[in-house]
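As provided, model39.pdb (PDB, C-alpha atoms, pLDDT in the B column) reads as follows.
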```pdb
ATOM      1  CA  MET A  60      80.560  85.183 148.377  1.00 75.00           C
ATOM      2  CA  ASP A  61      79.430  88.014 146.136  1.00 85.00           C
ATOM      3  CA  TRP A  62      82.908  89.494 146.121  1.00 87.00           C
ATOM      4  CA  ILE A  63      84.389  86.186 144.864  1.00 90.00           C
ATOM      5  CA  ALA A  64      81.913  86.127 141.973  1.00 88.00           C
ATOM      6  CA  SER A  65      82.776  89.736 141.181  1.00 90.00           C
ATOM      7  CA  ILE A  66      86.482  88.909 141.115  1.00 91.00           C
ATOM      8  CA  VAL A  67      85.908  85.882 138.873  1.00 91.00           C
ATOM      9  CA  VAL A  68      83.765  87.938 136.492  1.00 92.00           C
ATOM     10  CA  GLY A  69      86.396  90.686 136.466  1.00 92.00           C
ATOM     11  CA  VAL A  70      89.222  88.229 135.745  1.00 92.00           C
ATOM     12  CA  LEU A  71      87.192  86.591 132.951  1.00 93.00           C
ATOM     13  CA  ALA A  72      86.352  89.975 131.451  1.00 94.00           C
ATOM     14  CA  MET A  73      89.988  91.073 131.625  1.00 94.00           C
ATOM     15  CA  THR A  74      91.124  87.783 130.035  1.00 94.00           C
ATOM     16  CA  GLY A  75      88.589  88.196 127.224  1.00 93.00           C
ATOM     17  CA  THR A  76      89.611  91.797 126.651  1.00 95.00           C
ATOM     18  CA  LEU A  77      93.326  91.006 126.585  1.00 94.00           C
ATOM     19  CA  GLY A  78      92.766  87.988 124.328  1.00 93.00           C
ATOM     20  CA  GLY A  79      90.676  90.011 121.890  1.00 94.00           C
ATOM     21  CA  ALA A  80      93.189  92.851 121.826  1.00 96.00           C
ATOM     22  CA  TYR A  81      96.044  90.398 121.226  1.00 94.00           C
ATOM     23  CA  LEU A  82      94.250  88.658 118.351  1.00 94.00           C
ATOM     24  CA  ALA A  83      93.257  91.971 116.760  1.00 95.00           C
ATOM     25  CA  ASN A  84      96.842  93.224 117.047  1.00 95.00           C
ATOM     26  CA  ARG A  85      98.192  90.048 115.432  1.00 95.00           C
ATOM     27  CA  LYS A  86      95.759  90.374 112.534  1.00 95.00           C
ATOM     28  CA  ALA A  87      96.600  94.061 112.046  1.00 95.00           C
ATOM     29  CA  SER A  88     100.336  93.309 112.125  1.00 95.00           C
ATOM     30  CA  ALA A  89      99.916  90.550 109.543  1.00 95.00           C
ATOM     31  CA  LEU A  90      97.933  92.899 107.290  1.00 96.00           C
ATOM     32  CA  ILE A  91     100.570  95.628 107.603  1.00 96.00           C
ATOM     33  CA  ALA A  92     103.334  93.136 106.791  1.00 96.00           C
ATOM     34  CA  TYR A  93     101.416  91.925 103.719  1.00 97.00           C
ATOM     35  CA  ARG A  94     100.765  95.456 102.462  1.00 97.00           C
ATOM     36  CA  LEU A  95     104.396  96.445 103.069  1.00 97.00           C
ATOM     37  CA  GLU A  96     105.567  93.442 101.051  1.00 96.00           C
ATOM     38  CA  ALA A  97     103.185  94.359  98.214  1.00 96.00           C
ATOM     39  CA  LEU A  98     104.473  97.943  98.298  1.00 97.00           C
ATOM     40  CA  GLU A  99     108.082  96.730  98.153  1.00 96.00           C
ATOM     41  CA  LYS A 100     107.243  94.683  95.050  1.00 95.00           C
ATOM     42  CA  LYS A 101     105.703  97.751  93.398  1.00 95.00           C
ATOM     43  CA  VAL A 102     108.769  99.851  94.256  1.00 95.00           C
ATOM     44  CA  ASP A 103     111.078  97.173  92.822  1.00 93.00           C
ATOM     45  CA  LYS A 104     109.008  97.083  89.650  1.00 94.00           C
ATOM     46  CA  HIS A 105     109.122 100.889  89.399  1.00 93.00           C
ATOM     47  CA  ASN A 106     112.888 100.939  89.926  1.00 93.00           C
ATOM     48  CA  SER A 107     113.275  98.345  87.197  1.00 93.00           C
ATOM     49  CA  VAL A 108     111.288 100.530  84.793  1.00 92.00           C
ATOM     50  CA  VAL A 109     113.423 103.552  85.685  1.00 91.00           C
ATOM     51  CA  GLU A 110     116.647 101.609  85.069  1.00 93.00           C
ATOM     52  CA  ARG A 111     115.371 100.296  81.733  1.00 94.00           C
ATOM     53  CA  THR A 112     114.259 103.798  80.723  1.00 94.00           C
ATOM     54  CA  TYR A 113     117.693 105.184  81.558  1.00 92.00           C
ATOM     55  CA  ALA A 114     119.344 102.463  79.432  1.00 93.00           C
ATOM     56  CA  LEU A 115     116.986 103.206  76.553  1.00 95.00           C
ATOM     57  CA  GLU A 116     117.754 106.923  76.774  1.00 95.00           C
ATOM     58  CA  ARG A 117     121.483 106.208  76.582  1.00 94.00           C
ATOM     59  CA  ARG A 118     120.944 103.982  73.548  1.00 95.00           C
ATOM     60  CA  ALA A 119     118.765 106.657  71.925  1.00 95.00           C
ATOM     61  CA  ASP A 120     121.576 109.182  72.424  1.00 95.00           C
ATOM     62  CA  VAL A 121     124.037 106.806  70.730  1.00 95.00           C
ATOM     63  CA  PHE A 122     121.635 106.230  67.837  1.00 95.00           C
ATOM     64  CA  ALA A 123     121.066 109.965  67.470  1.00 95.00           C
ATOM     65  CA  GLU A 124     124.819 110.539  67.265  1.00 95.00           C
ATOM     66  CA  GLN A 125     125.170 107.730  64.717  1.00 95.00           C
ATOM     67  CA  ILE A 126     122.386 109.251  62.598  1.00 96.00           C
ATOM     68  CA  LYS A 127     124.035 112.665  62.849  1.00 96.00           C
ATOM     69  CA  VAL A 128     127.358 111.224  61.657  1.00 95.00           C
ATOM     70  CA  ALA A 129     125.659 109.282  58.852  1.00 95.00           C
ATOM     71  CA  ASN A 130     123.781 112.384  57.692  1.00 94.00           C
ATOM     72  CA  HIS A 131     127.027 114.372  57.721  1.00 94.00           C
ATOM     73  CA  ARG A 132     128.772 111.696  55.637  1.00 93.00           C
ATOM     74  CA  ILE A 133     125.860 111.610  53.194  1.00 92.00           C
ATOM     75  CA  GLY A 134     126.022 115.395  52.935  1.00 90.00           C
ATOM     76  CA  ASP A 135     129.747 115.229  52.232  1.00 87.00           C
ATOM     77  CA  LEU A 136     129.186 112.601  49.506  1.00 88.00           C
ATOM     78  CA  GLU A 137     126.444 114.662  47.924  1.00 87.00           C
ATOM     79  CA  GLN A 138     128.650 117.777  47.816  1.00 87.00           C
ATOM     80  CA  ASP A 139     131.760 116.034  46.396  1.00 71.00           C
ATOM     81  CA  PRO A 140     130.743 113.868  43.406  1.00 62.00           C
ATOM     82  CA  ASN A 141     134.380 112.736  42.809  1.00 66.00           C
ATOM     83  CA  ARG A 142     134.375 110.496  45.864  1.00 57.00           C
TER      84      ARG A 142
END
```
What would the structure in this file look like if it were written as structure tokens?
Amino acid sequence: MDWIASIVVGVLAMTGTLGGAYLANRKASALIAYRLEALEKKVDKHNSVVERTYALERRADVFAEQIKVANHRIGDLEQDPNR
């Protein structure tokens, strides 16, 4: 009869171990999924900032060219008073 009790205790211990490992794995997987989702949101936000910065740089280049042209025209007007 002692061997039956040993088997029952062994099966119960194995069931508890497997159950605990399964629950811990589920919790860890859920945490990893949550952190990955948060990281994806941060990356999307960063990419948005990069795209906006690129657009602003292009607009700044256009404005710089417009200012250059305006300054050239002002210079031409200042040099030729008959215009």
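What separates CA of Lys100 (chain A) from CA of Ala119 (chain A) is a distance of 28.5 Å.
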Kindly list the centre and edge lengths in Å, rounded to one decimal, for the axis-aligned box that covers all listed atoms of region 88-106 of chain A plus 4 Å on each of its six sides, as lines of an AutoDock Vina configuration file.
```
center_x = 105.4
center_y = 95.7
center_z = 100.8
size_x = 23.0
size_y = 18.4
size_z = 30.7
```
Atom-to-atom span, CA of Gly134 (chain A) and CA of Val121 (chain A), Å: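 Rounded to one decimal, the two atoms are 19.9 Å apart.
Reported to one decimal place, the separation of CA of Thr112 (chain A) from CA of Tyr93 (chain A) is 28.9 Å.
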For region 65-85 of chain A, which lacks atoms in the input, supply N, CA, C and O atoms and format the output as a short mmCIF file (atom, residue, chain, number, x, y, z; two decimals), in the frame of the given file.
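Once written, out23.cif looks like this:
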```cif
data_model
loop_
_atom_site.label_atom_id
_atom_site.label_comp_id
_atom_site.auth_asym_id
_atom_site.auth_seq_id
_atom_site.Cartn_x
_atom_site.Cartn_y
_atom_site.Cartn_z
N SER A 65 82.37 88.50 141.85
CA SER A 65 82.78 89.74 141.18
C SER A 65 84.22 89.64 140.69
O SER A 65 84.55 90.09 139.59
N ILE A 66 85.07 89.07 141.51
CA ILE A 66 86.48 88.91 141.12
C ILE A 66 86.59 87.96 139.93
O ILE A 66 87.32 88.22 138.97
N VAL A 67 85.87 86.85 139.97
CA VAL A 67 85.91 85.88 138.87
C VAL A 67 85.40 86.53 137.59
O VAL A 67 86.01 86.38 136.52
N VAL A 68 84.30 87.26 137.67
CA VAL A 68 83.76 87.94 136.49
C VAL A 68 84.77 88.97 135.98
O VAL A 68 84.99 89.09 134.77
N GLY A 69 85.40 89.69 136.86
CA GLY A 69 86.40 90.69 136.47
C GLY A 69 87.60 90.05 135.78
O GLY A 69 88.09 90.55 134.77
N VAL A 70 88.08 88.93 136.35
CA VAL A 70 89.22 88.23 135.74
C VAL A 70 88.84 87.69 134.37
O VAL A 70 89.62 87.79 133.41
N LEU A 71 87.64 87.11 134.25
CA LEU A 71 87.19 86.59 132.95
C LEU A 71 87.04 87.72 131.93
O LEU A 71 87.43 87.58 130.76
N ALA A 72 86.51 88.84 132.36
CA ALA A 72 86.35 89.98 131.45
C ALA A 72 87.72 90.50 131.01
O ALA A 72 87.94 90.81 129.83
N MET A 73 88.65 90.60 131.97
CA MET A 73 89.99 91.07 131.62
C MET A 73 90.68 90.10 130.67
O MET A 73 91.32 90.50 129.70
N THR A 74 90.53 88.79 130.91
CA THR A 74 91.12 87.78 130.04
C THR A 74 90.53 87.89 128.63
O THR A 74 91.26 87.84 127.63
N GLY A 75 89.23 88.05 128.53
CA GLY A 75 88.59 88.20 127.22
C GLY A 75 89.05 89.45 126.51
O GLY A 75 89.31 89.44 125.29
N THR A 76 89.16 90.54 127.24
CA THR A 76 89.61 91.80 126.65
C THR A 76 91.05 91.69 126.15
O THR A 76 91.37 92.10 125.03
N LEU A 77 91.93 91.16 126.98
CA LEU A 77 93.33 91.01 126.58
C LEU A 77 93.48 90.05 125.41
O LEU A 77 94.25 90.29 124.49
N GLY A 78 92.72 88.96 125.44
CA GLY A 78 92.77 87.99 124.33
C GLY A 78 92.28 88.61 123.03
O GLY A 78 92.89 88.43 121.97
N GLY A 79 91.20 89.35 123.09
CA GLY A 79 90.68 90.01 121.89
C GLY A 79 91.63 91.06 121.35
O GLY A 79 91.84 91.16 120.13
N ALA A 80 92.22 91.83 122.25
CA ALA A 80 93.19 92.85 121.83
C ALA A 80 94.42 92.20 121.19
O ALA A 80 94.93 92.67 120.18
N TYR A 81 94.88 91.10 121.76
CA TYR A 81 96.04 90.40 121.23
C TYR A 81 95.75 89.86 119.83
O TYR A 81 96.56 90.03 118.91
N LEU A 82 94.60 89.22 119.66
CA LEU A 82 94.25 88.66 118.35
C LEU A 82 94.06 89.77 117.31
O LEU A 82 94.48 89.63 116.15
N ALA A 83 93.44 90.86 117.69
CA ALA A 83 93.26 91.97 116.76
C ALA A 83 94.61 92.57 116.36
O ALA A 83 94.83 92.90 115.19
N ASN A 84 95.51 92.69 117.32
CA ASN A 84 96.84 93.22 117.05
C ASN A 84 97.61 92.30 116.11
O ASN A 84 98.31 92.77 115.20
N ARG A 85 97.51 91.00 116.32
CA ARG A 85 98.19 90.05 115.43
C ARG A 85 97.68 90.16 114.01
O ARG A 85 98.45 90.16 113.05
#
```
